[in-house]
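Trainee: Hey, dropping target17.csv in here, CSV, C-alpha atoms:
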```
chain,number,residue,atom,x,y,z
U,133,MET,CA,0.0,0.0,0.0
U,134,LEU,CA,2.8,2.4,0.9
U,135,LYS,CA,4.7,1.5,-2.2
U,136,LYS,CA,1.7,2.2,-4.3
U,137,TYR,CA,1.2,5.6,-2.6
U,138,ILE,CA,4.9,6.4,-3.2
U,139,SER,CA,4.6,5.4,-6.8
U,140,ILE,CA,1.6,7.6,-7.2
U,141,MET,CA,3.3,10.6,-5.6
U,142,ARG,CA,6.3,10.1,-7.8
U,143,GLY,CA,4.1,10.1,-10.8
U,144,ALA,CA,2.4,13.2,-9.7
U,145,ALA,CA,5.7,14.9,-9.1
U,146,LEU,CA,7.0,14.0,-12.5
U,147,ALA,CA,3.8,15.2,-14.1
U,148,ALA,CA,4.1,18.5,-12.2
U,149,LEU,CA,7.7,18.9,-13.4
U,150,LEU,CA,6.7,18.2,-16.9
U,151,MET,CA,3.9,20.7,-16.7
U,152,CYS,CA,6.3,23.2,-15.4
U,153,GLY,CA,8.7,22.4,-18.1
U,154,ALA,CA,6.0,22.9,-20.7
U,155,SER,CA,4.8,26.1,-19.3
U,156,LEU,CA,8.2,27.7,-18.9
U,157,PRO,CA,8.8,28.1,-22.6
U,158,ALA,CA,5.4,29.8,-22.9
U,159,GLN,CA,6.4,32.4,-20.4
U,160,THR,CA,9.5,33.4,-22.2
U,161,THR,CA,9.6,37.1,-22.1
U,162,ALA,CA,11.3,39.7,-24.1
U,163,SER,CA,12.1,42.9,-22.4
U,164,GLY,CA,12.9,46.3,-23.7
U,165,VAL,CA,13.5,49.8,-22.5
U,166,ILE,CA,11.8,52.8,-23.8
U,167,ASN,CA,13.8,55.9,-23.1
U,168,GLY,CA,11.0,58.5,-22.8
U,169,SER,CA,12.1,62.0,-23.2
U,170,LEU,CA,10.3,65.3,-23.3
U,171,ASN,CA,11.9,68.4,-24.7
U,172,ASN,CA,10.3,71.1,-22.7
U,173,THR,CA,10.7,74.1,-25.0
U,174,SER,CA,9.6,77.5,-24.1
U,175,GLY,CA,7.0,79.4,-26.2
U,176,ILE,CA,4.1,81.8,-26.3
U,177,ALA,CA,0.7,81.7,-27.8
U,178,ILE,CA,-1.8,84.3,-28.8
U,179,GLN,CA,-5.6,84.3,-28.8
U,180,PHE,CA,-8.4,86.8,-29.4
U,181,ASP,CA,-11.2,87.2,-26.9
U,182,SER,CA,-14.4,89.1,-27.0
U,183,ASP,CA,-14.4,92.2,-24.8
U,184,PRO,CA,-17.6,92.9,-22.8
U,185,ALA,CA,-17.7,96.4,-24.4
U,186,GLY,CA,-17.1,95.2,-28.0
U,187,VAL,CA,-18.7,93.0,-30.6
U,188,THR,CA,-18.8,89.3,-29.9
U,189,LEU,CA,-15.9,87.7,-31.9
U,190,GLY,CA,-16.3,84.7,-34.0
U,191,ALA,CA,-14.0,81.9,-33.0
U,192,ALA,CA,-13.1,83.7,-29.8
U,193,GLY,CA,-10.4,82.1,-27.8
U,194,THR,CA,-8.4,81.1,-30.9
U,195,ASN,CA,-5.7,82.8,-32.9
U,196,ALA,CA,-8.0,83.2,-35.9
U,197,ALA,CA,-11.0,85.2,-34.9
U,198,THR,CA,-13.4,87.4,-36.7
U,199,ALA,CA,-14.9,90.8,-35.8
U,200,ASN,CA,-18.1,91.8,-37.6
U,201,PHE,CA,-19.1,95.5,-37.2
U,202,GLY,CA,-22.3,94.8,-39.1
U,203,THR,CA,-23.9,97.7,-40.9
U,204,VAL,CA,-22.2,101.0,-40.3
U,205,SER,CA,-22.9,104.5,-41.4
U,206,ALA,CA,-22.1,108.1,-40.3
U,207,PHE,CA,-25.6,108.7,-38.9
U,208,GLY,CA,-27.5,105.5,-38.7
U,209,PRO,CA,-27.9,103.0,-35.9
U,210,LEU,CA,-25.0,100.7,-35.0
U,211,ALA,CA,-24.8,97.2,-33.8
U,212,ALA,CA,-24.3,96.4,-30.1
U,213,GLY,CA,-20.6,96.8,-29.2
U,214,VAL,CA,-19.9,99.3,-31.9
U,215,THR,CA,-19.5,103.0,-31.2
U,216,ARG,CA,-19.0,106.0,-33.4
U,217,PRO,CA,-16.4,108.2,-31.7
U,218,SER,CA,-16.3,110.9,-34.4
U,219,VAL,CA,-18.1,112.2,-37.5
U,220,THR,CA,-16.5,114.9,-39.6
U,221,ALA,CA,-17.3,116.3,-43.0
U,222,THR,CA,-14.8,113.9,-44.6
U,223,ASN,CA,-14.9,110.8,-42.5
U,224,PHE,CA,-16.4,108.9,-39.6
U,225,THR,CA,-15.0,106.4,-37.2
U,226,VAL,CA,-16.6,103.3,-35.9
U,227,ARG,CA,-15.0,101.4,-33.0
U,228,THR,CA,-15.2,98.1,-31.3
U,229,ILE,CA,-13.0,96.7,-28.6
U,230,PHE,CA,-11.4,93.3,-28.6
U,231,ASP,CA,-9.1,91.5,-26.3
U,232,VAL,CA,-5.7,89.9,-26.9
U,233,GLN,CA,-4.3,87.3,-24.6
U,234,VAL,CA,-0.8,86.1,-24.9
U,235,THR,CA,0.2,83.1,-22.8
U,236,SER,CA,3.8,82.0,-22.1
U,237,GLY,CA,5.4,78.9,-20.9
U,238,GLY,CA,9.0,78.2,-19.9
U,239,LEU,CA,10.1,81.7,-20.5
U,240,THR,CA,11.8,84.2,-18.3
U,241,SER,CA,10.2,86.9,-20.4
U,242,THR,CA,7.9,89.1,-18.4
U,243,SER,CA,6.2,91.0,-21.3
U,244,TYR,CA,5.7,90.9,-25.0
U,245,THR,CA,5.6,93.2,-27.9
U,246,LEU,CA,2.5,93.2,-30.1
U,247,THR,CA,2.7,94.1,-33.7
U,248,ALA,CA,0.1,94.1,-36.4
U,249,ASN,CA,-0.2,94.6,-40.1
U,250,LEU,CA,-2.9,94.3,-42.8
U,251,ALA,CA,-2.8,91.2,-44.8
U,252,ALA,CA,-3.6,93.2,-47.9
U,253,ALA,CA,-3.9,96.8,-49.0
U,254,THR,CA,-6.8,98.7,-47.4
U,255,PRO,CA,-10.0,98.8,-49.4
U,256,SER,CA,-11.0,102.1,-51.0
U,257,GLY,CA,-12.2,104.7,-48.6
U,258,MET,CA,-11.3,102.6,-45.5
U,259,SER,CA,-8.5,102.7,-43.0
U,260,TYR,CA,-7.9,100.6,-39.9
U,261,LYS,CA,-6.5,101.5,-36.6
U,262,VAL,CA,-5.6,99.5,-33.6
U,263,ASP,CA,-5.2,101.7,-30.5
U,264,ALA,CA,-5.0,104.8,-32.8
U,265,ILE,CA,-2.2,103.3,-34.8
U,266,THR,CA,-3.0,103.3,-38.5
U,267,LEU,CA,-2.3,99.9,-40.0
U,268,THR,CA,-0.6,99.2,-43.3
U,269,THR,CA,0.8,96.1,-44.8
U,270,ALA,CA,4.0,96.8,-42.9
U,271,LEU,CA,4.3,95.8,-39.3
U,272,GLN,CA,3.3,98.4,-36.8
U,273,THR,CA,4.0,98.2,-33.1
U,274,ILE,CA,0.9,98.2,-31.1
U,275,GLN,CA,2.2,97.5,-27.6
U,276,VAL,CA,5.7,97.0,-26.3
U,277,ASN,CA,5.0,95.8,-22.7
U,278,GLY,CA,2.0,93.5,-22.9
U,279,SER,CA,1.4,91.4,-19.9
U,280,TYR,CA,1.1,87.6,-20.2
U,281,ASN,CA,-1.9,85.5,-19.3
U,282,THR,CA,-4.4,88.3,-19.2
U,283,ASP,CA,-6.9,89.8,-21.6
U,284,ILE,CA,-5.7,93.2,-22.8
U,285,ALA,CA,-8.3,95.3,-24.5
U,286,HIS,CA,-7.5,97.1,-27.7
U,287,ASN,CA,-9.6,99.6,-29.7
U,288,LEU,CA,-10.2,98.6,-33.3
U,289,ASP,CA,-11.2,101.7,-35.4
U,290,LEU,CA,-12.5,101.8,-38.9
U,291,VAL,CA,-12.1,105.2,-40.4
U,292,ILE,CA,-14.5,105.5,-43.3
U,293,LEU,CA,-14.5,108.3,-45.8
U,294,THR,CA,-17.9,109.9,-46.3
U,295,ALA,CA,-17.4,110.3,-50.0
U,296,ALA,CA,-19.7,108.4,-52.3
U,297,PRO,CA,-18.6,105.2,-53.9
U,298,GLY,CA,-16.5,105.9,-56.9
U,299,ALA,CA,-15.6,109.3,-55.5
U,300,GLY,CA,-13.1,108.0,-53.0
U,301,GLY,CA,-15.6,106.5,-50.6
U,302,PRO,CA,-15.9,102.8,-49.9
U,303,ALA,CA,-18.3,100.4,-51.6
U,304,VAL,CA,-21.7,100.5,-49.9
U,305,ASN,CA,-24.2,97.8,-49.0
U,306,THR,CA,-21.6,95.1,-49.4
U,307,PRO,CA,-19.5,93.5,-46.7
U,308,ILE,CA,-15.9,94.8,-46.7
U,309,THR,CA,-13.5,92.3,-45.2
U,310,THR,CA,-9.9,92.8,-44.2
U,311,THR,CA,-7.6,90.6,-42.3
U,312,ILE,CA,-5.2,91.9,-39.7
U,313,ASN,CA,-2.2,89.9,-38.7
U,314,PHE,CA,-1.0,90.1,-35.2
U,315,THR,CA,2.4,88.9,-33.9
U,316,ALA,CA,3.4,88.8,-30.3
U,317,THR,CA,7.1,88.6,-29.5
U,318,ALA,CA,8.5,87.8,-26.1
U,319,ASN,CA,10.7,90.6,-24.8
O,111,MET,CA,39.9,67.4,-34.7
O,112,LYS,CA,39.8,70.7,-32.9
O,113,LYS,CA,38.2,72.3,-35.9
O,114,VAL,CA,35.6,69.6,-36.1
O,115,MET,CA,34.8,70.1,-32.4
O,116,LEU,CA,34.5,73.9,-32.9
O,117,LEU,CA,32.3,73.5,-35.9
O,118,THR,CA,30.1,71.0,-34.0
O,119,ILE,CA,29.7,73.4,-31.1
O,120,PHE,CA,29.0,76.3,-33.4
O,121,ALA,CA,26.3,74.3,-35.3
O,122,ALA,CA,24.7,73.3,-32.0
O,123,LEU,CA,24.6,76.9,-30.8
O,124,MET,CA,23.1,78.0,-34.1
O,125,MET,CA,20.4,75.4,-33.7
O,126,ILE,CA,19.6,76.3,-30.2
O,127,SER,CA,19.6,80.0,-31.1
O,128,SER,CA,17.2,79.6,-34.0
O,129,ALA,CA,14.9,77.4,-32.0
O,130,ALA,CA,14.7,79.9,-29.2
O,131,VAL,CA,13.8,82.7,-31.6
O,132,ALA,CA,11.2,80.7,-33.4
O,133,GLN,CA,9.5,79.8,-30.2
O,134,THR,CA,9.2,83.2,-28.7
O,135,THR,CA,6.7,84.6,-31.2
O,136,ALA,CA,3.1,83.8,-31.7
O,137,SER,CA,0.9,85.0,-34.5
O,138,GLY,CA,-2.9,85.3,-35.1
O,139,THR,CA,-5.3,86.8,-37.5
O,140,LEU,CA,-8.4,88.9,-36.9
O,141,THR,CA,-10.7,89.1,-39.8
O,142,VAL,CA,-12.7,92.3,-39.7
O,143,THR,CA,-15.9,92.8,-41.6
O,144,ALA,CA,-18.2,95.9,-42.0
O,145,THR,CA,-20.9,96.9,-44.4
O,146,VAL,CA,-21.0,100.6,-45.1
O,147,THR,CA,-24.3,102.1,-45.9
O,148,GLY,CA,-25.2,105.6,-47.1
O,149,SER,CA,-26.8,107.9,-44.6
O,150,ILE,CA,-28.1,111.5,-44.3
O,151,ASN,CA,-28.4,113.8,-41.3
O,152,LEU,CA,-30.5,116.8,-40.6
O,153,VAL,CA,-29.7,119.6,-38.1
O,154,PHE,CA,-31.1,123.0,-37.4
O,155,ASN,CA,-28.9,126.1,-37.2
O,156,SER,CA,-29.6,129.6,-36.2
O,157,ASP,CA,-29.8,131.9,-39.2
O,158,ALA,CA,-28.0,135.1,-38.9
O,159,SER,CA,-31.1,137.1,-39.9
O,160,GLY,CA,-33.5,135.3,-37.7
O,161,VAL,CA,-34.1,134.6,-34.0
O,162,ALA,CA,-31.3,132.6,-32.5
O,163,LEU,CA,-32.4,129.1,-31.7
O,164,SER,CA,-32.8,129.0,-27.9
O,165,SER,CA,-31.6,125.5,-27.7
O,166,GLY,CA,-30.5,122.6,-29.8
O,167,ALA,CA,-28.7,124.5,-32.5
O,168,GLY,CA,-26.5,122.1,-34.5
O,169,THR,CA,-28.8,119.2,-33.5
O,170,ASN,CA,-32.0,117.7,-34.9
O,171,ALA,CA,-34.1,118.8,-31.9
O,172,ALA,CA,-34.0,122.6,-31.6
O,173,THR,CA,-36.2,125.2,-30.0
O,174,LEU,CA,-37.3,128.5,-31.6
O,175,ALA,CA,-38.7,130.9,-29.1
O,176,PHE,CA,-40.3,134.0,-30.6
O,177,GLY,CA,-40.9,135.5,-27.2
O,178,ASN,CA,-43.7,138.1,-26.8
O,179,VAL,CA,-45.3,139.0,-30.1
O,180,SER,CA,-48.1,141.3,-31.0
O,181,ALA,CA,-49.6,142.9,-34.0
O,182,PHE,CA,-48.4,146.4,-33.4
O,183,GLY,CA,-46.1,146.4,-30.3
O,184,PRO,CA,-42.4,146.1,-30.1
O,185,ILE,CA,-40.9,143.0,-31.6
O,186,SER,CA,-37.7,141.2,-31.0
O,187,ALA,CA,-34.8,141.3,-33.4
O,188,GLY,CA,-34.8,138.6,-36.0
O,189,ILE,CA,-38.6,138.5,-36.2
O,190,VAL,CA,-40.3,139.7,-39.4
O,191,ARG,CA,-43.9,140.8,-38.9
O,192,SER,CA,-46.7,141.5,-41.3
O,193,THR,CA,-50.4,142.3,-40.6
O,194,THR,CA,-53.7,142.0,-42.3
O,195,ALA,CA,-57.1,143.4,-41.3
O,196,THR,CA,-57.7,140.4,-39.0
O,197,THR,CA,-54.3,138.7,-38.3
O,198,PHE,CA,-50.7,139.3,-37.9
O,199,THR,CA,-47.8,137.0,-38.9
O,200,VAL,CA,-44.4,136.6,-37.2
O,201,SER,CA,-41.7,134.9,-39.0
O,202,SER,CA,-38.1,133.9,-38.3
O,203,ALA,CA,-35.4,132.5,-40.5
O,204,VAL,CA,-34.3,129.0,-39.5
O,205,ASP,CA,-31.5,127.1,-41.2
O,206,VAL,CA,-31.8,123.5,-42.1
O,207,LEU,CA,-28.6,121.6,-42.8
O,208,VAL,CA,-28.8,118.2,-44.4
O,209,SER,CA,-25.6,116.2,-44.8
O,210,LYS,CA,-25.0,113.0,-46.7
O,211,THR,CA,-22.4,110.3,-46.5
O,212,ASN,CA,-21.4,107.5,-48.7
O,213,SER,CA,-24.2,108.3,-51.1
O,214,ALA,CA,-24.4,109.4,-54.7
O,215,SER,CA,-27.7,111.2,-54.0
O,216,ALA,CA,-27.8,114.6,-55.8
O,217,ASN,CA,-30.3,116.3,-53.5
O,218,TYR,CA,-33.0,115.7,-50.9
O,219,THR,CA,-36.7,116.2,-50.4
O,220,LEU,CA,-37.6,118.0,-47.2
O,221,GLN,CA,-41.0,117.6,-45.6
O,222,ALA,CA,-42.6,119.0,-42.5
O,223,GLN,CA,-45.6,118.3,-40.4
O,224,LEU,CA,-47.1,119.8,-37.2
O,225,GLY,CA,-46.9,117.6,-34.2
O,226,SER,CA,-50.4,118.5,-33.1
O,227,ALA,CA,-53.4,120.2,-34.6
O,228,ASP,CA,-53.8,124.0,-34.3
O,229,ALA,CA,-57.2,125.1,-35.3
O,230,VAL,CA,-56.6,128.8,-34.5
O,231,ASN,CA,-53.2,129.7,-35.9
O,232,THR,CA,-51.7,129.0,-39.3
O,233,TRP,CA,-48.2,127.7,-39.6
O,234,THR,CA,-45.9,127.8,-42.6
O,235,VAL,CA,-42.3,126.7,-43.1
O,236,GLY,CA,-40.5,128.0,-46.1
O,237,GLY,CA,-43.7,129.6,-47.3
O,238,VAL,CA,-45.5,126.2,-47.3
O,239,ALA,CA,-48.5,125.7,-45.0
O,240,VAL,CA,-47.9,122.9,-42.6
O,241,THR,CA,-50.5,121.1,-40.6
O,242,ASN,CA,-50.6,117.9,-38.5
O,243,ALA,CA,-52.8,116.2,-41.1
O,244,ALA,CA,-50.1,115.2,-43.5
O,245,GLN,CA,-46.5,116.0,-44.4
O,246,SER,CA,-46.0,119.1,-46.5
O,247,THR,CA,-43.1,119.2,-49.0
O,248,LEU,CA,-40.9,122.2,-48.4
O,249,THR,CA,-38.5,121.4,-51.2
O,250,ALA,CA,-37.9,118.4,-53.6
O,251,THR,CA,-34.4,119.5,-54.5
O,252,GLY,CA,-32.6,120.4,-51.3
O,253,THR,CA,-28.9,121.0,-51.5
O,254,TYR,CA,-26.7,119.0,-49.2
O,255,ALA,CA,-24.1,120.4,-46.9
O,256,ALA,CA,-25.4,123.9,-47.1
O,257,ASN,CA,-27.5,125.9,-44.6
O,258,SER,CA,-30.9,126.4,-46.3
O,259,ASN,CA,-33.2,129.0,-44.8
O,260,PHE,CA,-36.8,127.8,-44.3
O,261,PRO,CA,-38.5,130.5,-42.4
O,262,VAL,CA,-40.9,129.5,-39.7
O,263,ALA,CA,-44.0,131.7,-39.6
O,264,ILE,CA,-47.1,131.8,-37.4
O,265,THR,CA,-50.2,133.7,-38.4
O,266,VAL,CA,-52.2,134.7,-35.3
O,267,PRO,CA,-55.8,136.1,-35.4
O,268,PHE,CA,-56.4,139.4,-33.7
O,269,THR,CA,-59.0,137.6,-31.7
O,270,THR,CA,-56.4,135.7,-29.7
O,271,ALA,CA,-56.4,136.7,-26.1
O,272,SER,CA,-53.3,138.6,-24.9
O,273,GLY,CA,-51.0,136.3,-23.0
O,274,THR,CA,-51.9,133.2,-24.9
O,275,LEU,CA,-49.0,130.8,-25.3
O,276,ILE,CA,-48.7,129.4,-28.8
O,277,SER,CA,-46.5,126.3,-29.0
O,278,ASN,CA,-46.2,123.3,-31.3
O,279,THR,CA,-43.7,120.9,-32.7
O,280,ILE,CA,-42.7,120.8,-36.3
O,281,ASN,CA,-41.4,117.4,-37.5
O,282,TYR,CA,-39.0,117.6,-40.4
O,283,VAL,CA,-38.1,114.7,-42.6
O,284,ALA,CA,-35.3,114.8,-45.2
O,285,THR,CA,-35.2,112.0,-47.7
O,286,ALA,CA,-32.3,111.4,-50.1
O,287,ASN,CA,-33.4,111.6,-53.8
```
Before we go any further, please render this structure as structure tokens.

Mentor:
Amino acid sequence: MLKKYISIMRGAALAALLMCGASLPAQTTASGVINGSLNNTSGIAIQFDSDPAGVTLGAAGTNAATANFGTVSAFGPLAAGVTRPSVTATNFTVRTIFDVQVTSGGLTSTSYTLTANLAAATPSGMSYKVDAITLTTALQTIQVNGSYNTDIAHNLDLVILTAAPGAGGPAVNTPITTTINFTATAN
Amino acid sequence: MKKVMLLTIFAALMMISSAAVAQTTASGTLTVTATVTGSINLVFNSDASGVALSSGAGTNAATLAFGNVSAFGPISAGIVRSTTATTFTVSSAVDVLVSKTNSASANYTLQAQLGSADAVNTWTVGGVAVTNAAQSTLTATGTYAANSNFPVAITVPFTTASGTLISNTINYVATAN
């Protein structure tokens, strides 16, 4: 009886060893090392935000926004967020306010310089100003000490000649679109 | 070997420098749209030969005060008076200035209407009778950007009691032709 028990135990042990032997090749592992690296570069980003006192921007919060003054005239009603600071015999000005926010990361810079230029020549009878600086296709400095990570309000003025279309004035009853390029540079 | 090392360091510095510059600017675009429409504006101005507007000169809501008037008594400067057998008329020059912008309109039509009925007195503007029943056309070829005198006149019956206050509002409308 004891011999039989021992024989069974030996068989079981052998079977266990065989099983272990069979399973070991299945657990053969291959190892590797991933050397993760992150190049933490410094940079800044710009975005346009709607100002409470101005028109609501399209695509606000991005760096490619739109500002629509709606219908403007020297004497007629204006859209919400648009004001008319001046009307003279030769021109009138309509104004809205928009915000620029520049965020920085990994920089020791404490301020930025904001420049702007028109993407194309001004339409007939129109001129564009940001903070009273008349824009052209050449870069103009708007601000030299902008603070990071906060909305900074800027006036956007459209100075429109009162002359009739064809006599120096702008085209009427049709949308006039102009793109202004802004660049923020860390100081 | 030394040259190679120097070149390598220089190239590395150049790369670092260019990367730093490229990463410290950010750009964005703001697309601006506006639709310009033509418009005209009307204001009242004191005429040098008439009664000075007592308020609102240069605006579109002015006040013309004749003061005390009578058929035969003294009359203020700037008032022209005429009488008939039963009435007297006082008149003062008043300038209307209509300006246009962004418009090819050559001239304008000016109309006027009393704010409320006056069954006793007769009102004229620029020699045209005005009532509250309908707009009266003062001119159909008004000239822009020039003060145009449209005298305001009131014809008062002799039967009007002394001390009677005569007051009304004249609404003007200029329309670009």

Trainee: Hey, list the chain U side of the contact with chain O: 6 Å cut-off, all atoms listed in the file, answer as a compact mmCIF listing (two decimals) with C-alpha atoms, keeping the file's coordinate frame.

Mentor:
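Ended up saving to result-v1.txt:
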```
# COMPACT_ATOMS: atom_id res chain seq x y z
CA GLY U 175 7.00 79.40 -26.20
CA ILE U 176 4.10 81.80 -26.30
CA ALA U 177 0.70 81.70 -27.80
CA ILE U 178 -1.80 84.30 -28.80
CA ASN U 195 -5.70 82.80 -32.90
CA ALA U 196 -8.00 83.20 -35.90
CA ALA U 197 -11.00 85.20 -34.90
CA THR U 198 -13.40 87.40 -36.70
CA ALA U 199 -14.90 90.80 -35.80
CA ASN U 200 -18.10 91.80 -37.60
CA PHE U 201 -19.10 95.50 -37.20
CA GLY U 202 -22.30 94.80 -39.10
CA THR U 203 -23.90 97.70 -40.90
CA VAL U 204 -22.20 101.00 -40.30
CA SER U 205 -22.90 104.50 -41.40
CA PHE U 207 -25.60 108.70 -38.90
CA THR U 294 -17.90 109.90 -46.30
CA ALA U 295 -17.40 110.30 -50.00
CA ALA U 296 -19.70 108.40 -52.30
CA VAL U 304 -21.70 100.50 -49.90
CA ASN U 305 -24.20 97.80 -49.00
CA THR U 306 -21.60 95.10 -49.40
CA PRO U 307 -19.50 93.50 -46.70
CA ILE U 308 -15.90 94.80 -46.70
CA THR U 309 -13.50 92.30 -45.20
CA THR U 310 -9.90 92.80 -44.20
CA THR U 311 -7.60 90.60 -42.30
CA ILE U 312 -5.20 91.90 -39.70
CA ASN U 313 -2.20 89.90 -38.70
CA PHE U 314 -1.00 90.10 -35.20
CA THR U 315 2.40 88.90 -33.90
CA ALA U 316 3.40 88.80 -30.30
CA THR U 317 7.10 88.60 -29.50
CA ALA U 318 8.50 87.80 -26.10
```

Trainee: Record the distance separating CA of Ala256 in chain O and CA of Ala299 in chain U, expressed in Å with one decimal.

Mentor: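 Computing it gives 19.5 Å between the two atoms.
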
Trainee: With only C-alpha atoms as the basis for distance, which of U:Asn167, U:Ser174, U:Thr228, U:Ser243 is at the shortest distance from Thr188 in chain U?

Mentor: U:Thr228

Trainee: Enter the distance from CA of Ser277 in chain O to CA of Ala171 in chain O, in Å, rounded to one decimal.

Mentor: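 Separation between CA of Ser277 in chain O and CA of Ala171 in chain O: 14.8 Å.
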
Trainee: Can you tell me, as a ChimeraX atom specification, what residues are no more than 10 Å from Asp157 in chain O when counting all atoms listed in the file, ignoring any on the same chain fewer than 3 positions away?

Mentor: /O:154,160-163,188,202-206,257-261

Trainee: Enter the distance from CA of Ala248 in chain U to CA of Thr215 in chain U, in Å, rounded to one decimal.

Mentor: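 Straight-line distance from CA of Ala248 in chain U to CA of Thr215 in chain U works out to 22.1 Å.
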
Trainee: List the spatial neighbours of Leu293 in chain U as a PyMOL selection string - criterion: any atom at most 10 Å away, only C-alpha atoms, same-chain residues fewer than 2 positions off excluded.

Mentor: (chain U and resi 206+219-225+256-259+290-291+295-297+299-302) or (chain O and resi 211-212)

Trainee: Neighbouring residues of Ala222 in chain O were defined as those with any atom within 6 Å, considering all atoms listed in the file; residues of the same chain fewer than 6 positions away were excluded. Please report them as a list in words.

Mentor: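 Using all atoms listed in the file, the neighbours found are Gln245, Ser246, Asn281 and Tyr282 of chain O.
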
Trainee: With N, CA and C atoms as the goal, would you fill in the gaps in range 254-271 of chain O and present it as a PDB file, in the coordinates of the input?

Mentor:
```
ATOM      1  N   TYR O 254     -27.414 119.528 -50.395  1.00  0.00           N
ATOM      2  CA  TYR O 254     -26.700 119.000 -49.200  1.00  0.00           C
ATOM      3  C   TYR O 254     -25.585 119.888 -48.769  1.00  0.00           C
ATOM      4  N   ALA O 255     -25.291 119.717 -47.517  1.00  0.00           N
ATOM      5  CA  ALA O 255     -24.100 120.400 -46.900  1.00  0.00           C
ATOM      6  C   ALA O 255     -24.143 121.873 -47.019  1.00  0.00           C
ATOM      7  N   ALA O 256     -25.322 122.440 -47.019  1.00  0.00           N
ATOM      8  CA  ALA O 256     -25.400 123.900 -47.100  1.00  0.00           C
ATOM      9  C   ALA O 256     -26.626 124.304 -46.180  1.00  0.00           C
ATOM     10  N   ASN O 257     -26.430 125.350 -45.410  1.00  0.00           N
ATOM     11  CA  ASN O 257     -27.500 125.900 -44.600  1.00  0.00           C
ATOM     12  C   ASN O 257     -28.589 126.434 -45.538  1.00  0.00           C
ATOM     13  N   SER O 258     -29.776 125.918 -45.439  1.00  0.00           N
ATOM     14  CA  SER O 258     -30.900 126.400 -46.300  1.00  0.00           C
ATOM     15  C   SER O 258     -31.921 127.039 -45.331  1.00  0.00           C
ATOM     16  N   ASN O 259     -32.271 128.265 -45.636  1.00  0.00           N
ATOM     17  CA  ASN O 259     -33.200 129.000 -44.800  1.00  0.00           C
ATOM     18  C   ASN O 259     -34.658 128.604 -45.135  1.00  0.00           C
ATOM     19  N   PHE O 260     -35.323 128.047 -44.163  1.00  0.00           N
ATOM     20  CA  PHE O 260     -36.800 127.800 -44.300  1.00  0.00           C
ATOM     21  C   PHE O 260     -37.450 128.491 -43.160  1.00  0.00           C
ATOM     22  N   PRO O 261     -37.890 129.724 -43.419  1.00  0.00           N
ATOM     23  CA  PRO O 261     -38.500 130.500 -42.400  1.00  0.00           C
ATOM     24  C   PRO O 261     -39.708 129.858 -41.744  1.00  0.00           C
ATOM     25  N   VAL O 262     -39.767 129.962 -40.442  1.00  0.00           N
ATOM     26  CA  VAL O 262     -40.900 129.500 -39.700  1.00  0.00           C
ATOM     27  C   VAL O 262     -41.830 130.649 -39.392  1.00  0.00           C
ATOM     28  N   ALA O 263     -43.088 130.553 -39.816  1.00  0.00           N
ATOM     29  CA  ALA O 263     -44.000 131.700 -39.600  1.00  0.00           C
ATOM     30  C   ALA O 263     -45.301 131.182 -38.969  1.00  0.00           C
ATOM     31  N   ILE O 264     -45.846 132.059 -38.115  1.00  0.00           N
ATOM     32  CA  ILE O 264     -47.100 131.800 -37.400  1.00  0.00           C
ATOM     33  C   ILE O 264     -48.049 132.949 -37.656  1.00  0.00           C
ATOM     34  N   THR O 265     -49.200 132.645 -38.160  1.00  0.00           N
ATOM     35  CA  THR O 265     -50.200 133.700 -38.400  1.00  0.00           C
ATOM     36  C   THR O 265     -51.234 133.592 -37.243  1.00  0.00           C
ATOM     37  N   VAL O 266     -51.379 134.706 -36.522  1.00  0.00           N
ATOM     38  CA  VAL O 266     -52.200 134.700 -35.300  1.00  0.00           C
ATOM     39  C   VAL O 266     -53.398 135.654 -35.529  1.00  0.00           C
ATOM     40  N   PRO O 267     -54.605 135.216 -35.259  1.00  0.00           N
ATOM     41  CA  PRO O 267     -55.800 136.100 -35.400  1.00  0.00           C
ATOM     42  C   PRO O 267     -55.766 137.184 -34.317  1.00  0.00           C
ATOM     43  N   PHE O 268     -56.325 138.325 -34.685  1.00  0.00           N
ATOM     44  CA  PHE O 268     -56.400 139.400 -33.700  1.00  0.00           C
ATOM     45  C   PHE O 268     -57.301 139.005 -32.516  1.00  0.00           C
ATOM     46  N   THR O 269     -58.092 138.006 -32.724  1.00  0.00           N
ATOM     47  CA  THR O 269     -59.000 137.600 -31.700  1.00  0.00           C
ATOM     48  C   THR O 269     -58.335 136.800 -30.548  1.00  0.00           C
ATOM     49  N   THR O 270     -57.100 136.470 -30.775  1.00  0.00           N
ATOM     50  CA  THR O 270     -56.400 135.700 -29.700  1.00  0.00           C
ATOM     51  C   THR O 270     -56.186 136.553 -28.505  1.00  0.00           C
ATOM     52  N   ALA O 271     -56.493 135.971 -27.385  1.00  0.00           N
ATOM     53  CA  ALA O 271     -56.400 136.700 -26.100  1.00  0.00           C
ATOM     54  C   ALA O 271     -54.918 137.011 -25.824  1.00  0.00           C
TER      55      ALA O 271
END
```
